[in-house]
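Here is the structure we will look at.
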Amino acid sequence: MPDATEERDPHVRFLERVDREEKVEPRDWMPEDYRRTLVRQISQHAHSEVVGMLPEGNWITRAPTLRRKVGLLAKVQDEAGHGLYLYSAAETLGVSRAELLSQLLSGTAKYSSIFNYPTPTWADIGAIGWLVDGAAIMNQVPLCRCSYGPYARAMVRICKEESFHQRQGFEIMLALCRGTAAQQQMAQAALDRWWWPALMMFGPSDRASEHSARSMRWKIKRFSNDELRQRFVDATVPQAAHLGLTIPDPDLRFDEATGHHVIGAIDWSELERVIAGEGPCNQERMHARREAHEQGRWVREAARAHADKRGHRTKP
Ligand code: BYC
């Protein structure tokens with residue numbers, strides 16, 4: 001006869017397990033919505049890493065010194081690795097990588113808004129490392145404690161690498177800010193371009209975020225979008241001051257009472273436009289991904305033929 005625990009609603013038992021901070025593993029029972037939420041978030045995250053290689057990859061051949069080139073090359077390769085760990089984590093939830101990639105290439109999957117902005121100068125590479133990877137760390141360190149084991153474990157290594165990326169970006173900014181007046185202006189212009197988009201990376205405000213409450217109940221997300229955005233602002237404002245740069249927000253002020261920096265209003269219509277595919281580089285990014293996929297066809301075919309010859313079963 002099943003005992004009382006076995007008879008209870010599996011959803012209740014699942015939540016109790018999550019509350020005890022036990023990791024959920026691929027073969028464990030999980031609510032279908034929990035599985036779907038994870039596939040959505042992890043695959044969007046993987047796509048962001050892969051598309052995220054494009055704005056910086058654009059500068060590998062033009063990095064100003066050999067040292068900068070080596071650093072940037074390593075960073076971009078790390079992003080490819082992050083994409084691979086994350087696709088693998090998503091696959092543990094019963095969805096194939098081919099399926100996820102076809103969603104990206106058909107334009108039905110989302111990836112982070114931030115990668116739809118251009119990188120016209122070398123300072124943009126510094127600003128991406130400093131701000132975009134800085135925002136990524138703020139968002140992703142709590143994901144190391146995500147209730148889903150494979151995602152949480154993938155995030156540990158990703159966060160270590162993001163921390164190196166953030167430092168290389170800040171160091172590029174520091175070198176420019178200690179340089180000539182023209183270099184300082186280039187750094188300021190890059191901050192002007194990336195500040196607001198970096199804040200938008202954290203997603204819509206808590207009032208507008210449709211998934212946050214449930215994801216937090218399931219301990220997929222540990223903090224809300226606004227909480228993480230605030231942490232990022234509090235960490236970054238002093239760094240901008242150290243660089244001698246001005247944050248492009250006339251309403252930015254320090255609130256003595258709360259100990260937090262208060263920002264001006266975010267233009268949410270810009271985030272909506274970029275997510276809807278109308279950002280400055282959406283079309284260019286999708287074109288580049290589709291072309292890369294097409295150019296890689298022979299590699300996939302050769303790998304499949306090799307695996308078939310050796311008797312390994314291959315996925316389409
Ligand atoms: N851009 O209810 P919400 C990186 C979507 S990679 C585009 O708050 P959620 C890096 C959201 O998906 C950066 N879409 O959703 C790589 C949802 O749409 P759907 C990526 C956005 O999931 C290379 C809808 O808006 N990081 O760091 O609770 C180089 C409503 O939002 C955005 C991750 O993916 C956006 N900015 O929270 C350097 C981290 N914001 O799915 C750096 C993991 C929201 O209903 N992901 N949307 O169609 C997360 O933490 C969460 O998914 C988000 C959104 C905070 C992004």
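Convention: chains lettered A, B, ... in structure tokens order; per-chain residue numbering from 1; ligands numbered from 1 as shown.
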Within 6 Å of ligand 1: each chain A residue with its shortest pair, only C-alpha atoms and all ligand atoms, as CSV:
residue,atom,partner,partner_atom_place_in_ligand_line,distance
A:Arg40,CA,ligand 1,41 (O),5.9
A:Gln41,CA,ligand 1,52 (O),4.8
A:Gln44,CA,ligand 1,34 (O),5.5
A:His45,CA,ligand 1,34 (O),3.4
A:Ser48,CA,ligand 1,6 (S),4.7
A:Glu49,CA,ligand 1,16 (C),4.0
A:Gly52,CA,ligand 1,23 (C),4.2
A:Glu79,CA,ligand 1,23 (C),5.5
A:Lys110,CA,ligand 1,14 (N),5.8
A:Tyr111,CA,ligand 1,7 (C),5.3
A:Ser112,CA,ligand 1,1 (N),3.6
A:Ser113,CA,ligand 1,1 (N),3.7
A:Val132,CA,ligand 1,42 (C),5.5
A:Asp133,CA,ligand 1,42 (C),4.7
A:Ala136,CA,ligand 1,27 (O),4.0
A:Asn139,CA,ligand 1,50 (O),5.9
A:Met200,CA,ligand 1,36 (N),5.4
A:Met201,CA,ligand 1,36 (N),3.6
A:Phe202,CA,ligand 1,55 (C),4.8
A:Gly203,CA,ligand 1,40 (N),3.2
A:Pro204,CA,ligand 1,8 (O),5.3
A:Ser209,CA,ligand 1,2 (O),3.7
A:Glu210,CA,ligand 1,2 (O),3.8
A:His211,CA,ligand 1,2 (O),3.8
A:Ser212,CA,ligand 1,28 (O),4.2
A:Asn225,CA,ligand 1,55 (C),5.8
A:Ile275,CA,ligand 1,7 (C),5.2
Filtering to N, CA and C atoms, could you give me those residues as a PDB file, in the first residue's frame?
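Below you can see selection.pdb, which holds the result:
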ATOM      1  N   ARG A  40      12.731  27.224 -22.029  1.00  0.00           N
ATOM      2  CA  ARG A  40      12.633  28.594 -22.563  1.00  0.00           C
ATOM      3  C   ARG A  40      13.843  29.412 -22.100  1.00  0.00           C
ATOM      4  N   GLN A  41      14.080  29.435 -20.805  1.00  0.00           N
ATOM      5  CA  GLN A  41      15.149  30.299 -20.292  1.00  0.00           C
ATOM      6  C   GLN A  41      16.535  29.796 -20.716  1.00  0.00           C
ATOM      7  N   GLN A  44      17.092  30.343 -24.499  1.00  0.00           N
ATOM      8  CA  GLN A  44      17.309  31.771 -24.809  1.00  0.00           C
ATOM      9  C   GLN A  44      18.710  32.181 -24.365  1.00  0.00           C
ATOM     10  N   HIS A  45      19.116  31.643 -23.233  1.00  0.00           N
ATOM     11  CA  HIS A  45      20.439  31.968 -22.709  1.00  0.00           C
ATOM     12  C   HIS A  45      21.521  31.436 -23.666  1.00  0.00           C
ATOM     13  N   SER A  48      21.741  33.468 -26.718  1.00  0.00           N
ATOM     14  CA  SER A  48      22.369  34.774 -26.439  1.00  0.00           C
ATOM     15  C   SER A  48      23.885  34.645 -26.461  1.00  0.00           C
ATOM     16  N   GLU A  49      24.394  33.554 -25.911  1.00  0.00           N
ATOM     17  CA  GLU A  49      25.846  33.359 -25.907  1.00  0.00           C
ATOM     18  C   GLU A  49      26.363  33.251 -27.337  1.00  0.00           C
ATOM     19  N   GLY A  52      25.894  36.434 -29.139  1.00  0.00           N
ATOM     20  CA  GLY A  52      26.768  37.393 -28.446  1.00  0.00           C
ATOM     21  C   GLY A  52      28.197  37.376 -28.952  1.00  0.00           C
ATOM     22  N   GLU A  79      32.536  32.298 -25.066  1.00  0.00           N
ATOM     23  CA  GLU A  79      31.084  32.454 -25.284  1.00  0.00           C
ATOM     24  C   GLU A  79      30.548  31.248 -26.058  1.00  0.00           C
ATOM     25  N   LYS A 110      13.873  33.693 -28.799  1.00  0.00           N
ATOM     26  CA  LYS A 110      14.455  34.981 -28.398  1.00  0.00           C
ATOM     27  C   LYS A 110      15.920  34.796 -28.025  1.00  0.00           C
ATOM     28  N   TYR A 111      16.663  35.890 -28.103  1.00  0.00           N
ATOM     29  CA  TYR A 111      18.008  35.963 -27.518  1.00  0.00           C
ATOM     30  C   TYR A 111      18.123  37.373 -26.948  1.00  0.00           C
ATOM     31  N   SER A 112      19.155  37.604 -26.116  1.00  0.00           N
ATOM     32  CA  SER A 112      19.200  38.874 -25.395  1.00  0.00           C
ATOM     33  C   SER A 112      19.222  40.084 -26.327  1.00  0.00           C
ATOM     34  N   SER A 113      18.396  41.065 -25.969  1.00  0.00           N
ATOM     35  CA  SER A 113      18.299  42.331 -26.703  1.00  0.00           C
ATOM     36  C   SER A 113      19.664  42.993 -26.906  1.00  0.00           C
ATOM     37  N   VAL A 132      28.275  44.727 -20.216  1.00  0.00           N
ATOM     38  CA  VAL A 132      27.427  43.593 -20.602  1.00  0.00           C
ATOM     39  C   VAL A 132      27.811  42.352 -19.797  1.00  0.00           C
ATOM     40  N   ASP A 133      29.118  42.094 -19.703  1.00  0.00           N
ATOM     41  CA  ASP A 133      29.534  40.940 -18.891  1.00  0.00           C
ATOM     42  C   ASP A 133      29.320  41.234 -17.413  1.00  0.00           C
ATOM     43  N   ALA A 136      25.827  40.482 -16.918  1.00  0.00           N
ATOM     44  CA  ALA A 136      25.648  39.027 -17.006  1.00  0.00           C
ATOM     45  C   ALA A 136      26.042  38.370 -15.681  1.00  0.00           C
ATOM     46  N   ASN A 139      23.387  38.843 -13.063  1.00  0.00           N
ATOM     47  CA  ASN A 139      22.206  38.022 -13.341  1.00  0.00           C
ATOM     48  C   ASN A 139      22.513  36.533 -13.138  1.00  0.00           C
ATOM     49  N   MET A 200      18.645  47.334 -19.716  1.00  0.00           N
ATOM     50  CA  MET A 200      17.493  46.589 -20.270  1.00  0.00           C
ATOM     51  C   MET A 200      17.749  45.084 -20.327  1.00  0.00           C
ATOM     52  N   MET A 201      19.010  44.675 -20.277  1.00  0.00           N
ATOM     53  CA  MET A 201      19.314  43.236 -20.292  1.00  0.00           C
ATOM     54  C   MET A 201      18.599  42.486 -19.181  1.00  0.00           C
ATOM     55  N   PHE A 202      18.366  43.185 -18.040  1.00  0.00           N
ATOM     56  CA  PHE A 202      17.762  42.504 -16.889  1.00  0.00           C
ATOM     57  C   PHE A 202      16.284  42.192 -17.098  1.00  0.00           C
ATOM     58  N   GLY A 203      15.732  42.651 -18.223  1.00  0.00           N
ATOM     59  CA  GLY A 203      14.339  42.340 -18.526  1.00  0.00           C
ATOM     60  C   GLY A 203      13.393  43.422 -18.055  1.00  0.00           C
ATOM     61  N   PRO A 204      12.087  43.246 -18.329  1.00  0.00           N
ATOM     62  CA  PRO A 204      11.112  44.271 -17.978  1.00  0.00           C
ATOM     63  C   PRO A 204      11.042  44.502 -16.463  1.00  0.00           C
ATOM     64  N   SER A 209       7.029  42.010 -15.603  1.00  0.00           N
ATOM     65  CA  SER A 209       7.655  40.705 -15.880  1.00  0.00           C
ATOM     66  C   SER A 209       6.653  39.572 -15.658  1.00  0.00           C
ATOM     67  N   GLU A 210       6.292  38.895 -16.762  1.00  0.00           N
ATOM     68  CA  GLU A 210       5.235  37.886 -16.634  1.00  0.00           C
ATOM     69  C   GLU A 210       5.704  36.607 -15.941  1.00  0.00           C
ATOM     70  N   HIS A 211       6.989  36.270 -16.060  1.00  0.00           N
ATOM     71  CA  HIS A 211       7.438  34.964 -15.562  1.00  0.00           C
ATOM     72  C   HIS A 211       8.103  35.008 -14.182  1.00  0.00           C
ATOM     73  N   SER A 212       8.532  36.211 -13.735  1.00  0.00           N
ATOM     74  CA  SER A 212       9.414  36.266 -12.559  1.00  0.00           C
ATOM     75  C   SER A 212       8.844  35.583 -11.326  1.00  0.00           C
ATOM     76  N   ASN A 225      13.948  40.925 -11.619  1.00  0.00           N
ATOM     77  CA  ASN A 225      14.686  41.722 -12.614  1.00  0.00           C
ATOM     78  C   ASN A 225      15.118  43.070 -12.015  1.00  0.00           C
ATOM     79  N   ILE A 275      13.266  43.617 -28.858  1.00  0.00           N
ATOM     80  CA  ILE A 275      12.821  42.220 -28.719  1.00  0.00           C
ATOM     81  C   ILE A 275      11.936  41.829 -29.907  1.00  0.00           C
TER      82      ILE A 275
END
Near Gln77 (chain A), within 12 Å and counting only C-alpha atoms, which residues show up once chain neighbours fewer than 6 positions away are dropped, as a JSON list (two decimals) with C-alpha atoms, in the first residue's frame?
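Saved as out35.json:
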[["chain", "number", "residue", "atom", "x", "y", "z"],
["A", 49, "GLU", "CA", 25.85, 33.36, -25.91],
["A", 50, "VAL", "CA", 26.09, 32.28, -29.53],
["A", 52, "GLY", "CA", 26.77, 37.39, -28.45],
["A", 53, "MET", "CA", 29.93, 36.31, -30.24],
["A", 54, "LEU", "CA", 29.06, 38.49, -33.24],
["A", 56, "GLU", "CA", 32.84, 41.29, -30.46],
["A", 57, "GLY", "CA", 34.00, 38.82, -33.12],
["A", 60, "ILE", "CA", 39.15, 40.28, -33.51],
["A", 70, "VAL", "CA", 44.58, 37.13, -27.71],
["A", 71, "GLY", "CA", 42.31, 38.29, -24.88],
["A", 83, "GLY", "CA", 26.49, 28.18, -25.65],
["A", 84, "LEU", "CA", 27.51, 24.51, -25.83],
["A", 161, "GLU", "CA", 34.79, 32.94, -17.19],
["A", 162, "GLU", "CA", 32.43, 35.95, -17.20],
["A", 165, "HIS", "CA", 35.59, 38.91, -19.34]]
| message | Quick one: residues within 6 Å of Gly126 (chain A), only C-alpha atoms, excluding same-chain residues fewer than 4 positions away - as an NGL selection string? | response | :A and (169 or 172-173)
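CA of Gly94 (chain A) to CA of Arg304 (chain A) spans 21.0 Å [interatomic distance, one decimal].
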| Quick one: of A:Pro238, A:Arg231, A:Leu101, A:Leu174, who's nearest to Ala292 (chain A), counting only C-alpha atoms? |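 Counting only C-alpha atoms, the residue closest to Ala292 (chain A) is A:Leu101.
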| task | Determine which residues of region 175-272 of chain A DSSP labels as helix (DSSP H, G or I) from the backbone of this structure, then write them out as an NGL selection string. | result | :A and (175-177 or 181-200 or 212-217 or 225-243 or 268-272)
| Shell of 8 Å around Lys23 (chain A), only C-alpha atoms, local chain residues under 5 positions omitted, as a ChimeraX atom specification | /A:18,147-149
So that I have them on file, write out the residues from the current selection with N, CA and C atoms, as a tab-separated table (two decimals), in the first residue's frame.
chain	number	residue	atom	x	y	z
A	18	VAL	N	11.87	21.62	-3.55
A	18	VAL	CA	12.54	22.85	-3.97
A	18	VAL	C	12.83	23.71	-2.73
A	147	SER	N	17.34	25.82	-9.00
A	147	SER	CA	16.88	24.51	-8.50
A	147	SER	C	17.16	23.37	-9.49
A	148	TYR	N	17.36	23.67	-10.77
A	148	TYR	CA	17.61	22.59	-11.73
A	148	TYR	C	19.11	22.31	-11.82
A	149	GLY	N	19.51	21.12	-11.40
A	149	GLY	CA	20.93	20.77	-11.26
A	149	GLY	C	21.79	21.06	-12.49
| task | Calculate how many Å separate CA of Pro248 (chain A) from CA of Asp192 (chain A), rounding to one decimal. | result |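 We find that CA of Pro248 (chain A) and CA of Asp192 (chain A) lie 5.6 Å from each other.
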| message | With only C-alpha atoms as the counted atoms, please give the residues lying no more than 9 Å from Arg285 (chain A), apart from itself and same-chain residues fewer than 6 positions off, as a PyMOL selection string. | response | chain A and resi 51+54-55+115-116
| query | In Å, with one decimal, what is the gap from CA of Thr258 (chain A) to CA of Ile137 (chain A)? | reply |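 A separation of 23.5 Å between them.
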| query | Between A:Ala123, A:Ile263, A:Leu105, A:Val141, which is the closest to Ala182 (chain A) once you count only C-alpha atoms? | reply |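 Smallest separation from Ala182 (chain A) among the options: A:Ala123.
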| message | Could you list, as a PyMOL selection string, every residue within 8 Å of Ala187 (chain A), counting only C-alpha atoms and ignoring same-chain residues fewer than 3 positions away? | response | chain A and resi 123-124+127+173+176-177+183-184+190-191+245
| request: Give me the residues within 12 Å of Glu99 (chain A) as a ChimeraX atom specification, counting only C-alpha atoms and dropping any in the same chain fewer than 4 places off. | output: /A:39,43,87,90-91,94-95,103-106,108-109,315-316
| query | Hey, which of A:Ile247, A:Trp218, A:Ala288, A:Lys160 ends up closest to Phe14 (chain A)? Count only C-alpha atoms. | reply |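 Answer, going by the shortest atom-to-atom distance: A:Trp218.
Closest approach to Arg20 (chain A) from the set A:His306, A:Trp268, A:Lys219, A:His287 is made by A:Lys219, with distances taken over only C-alpha atoms.
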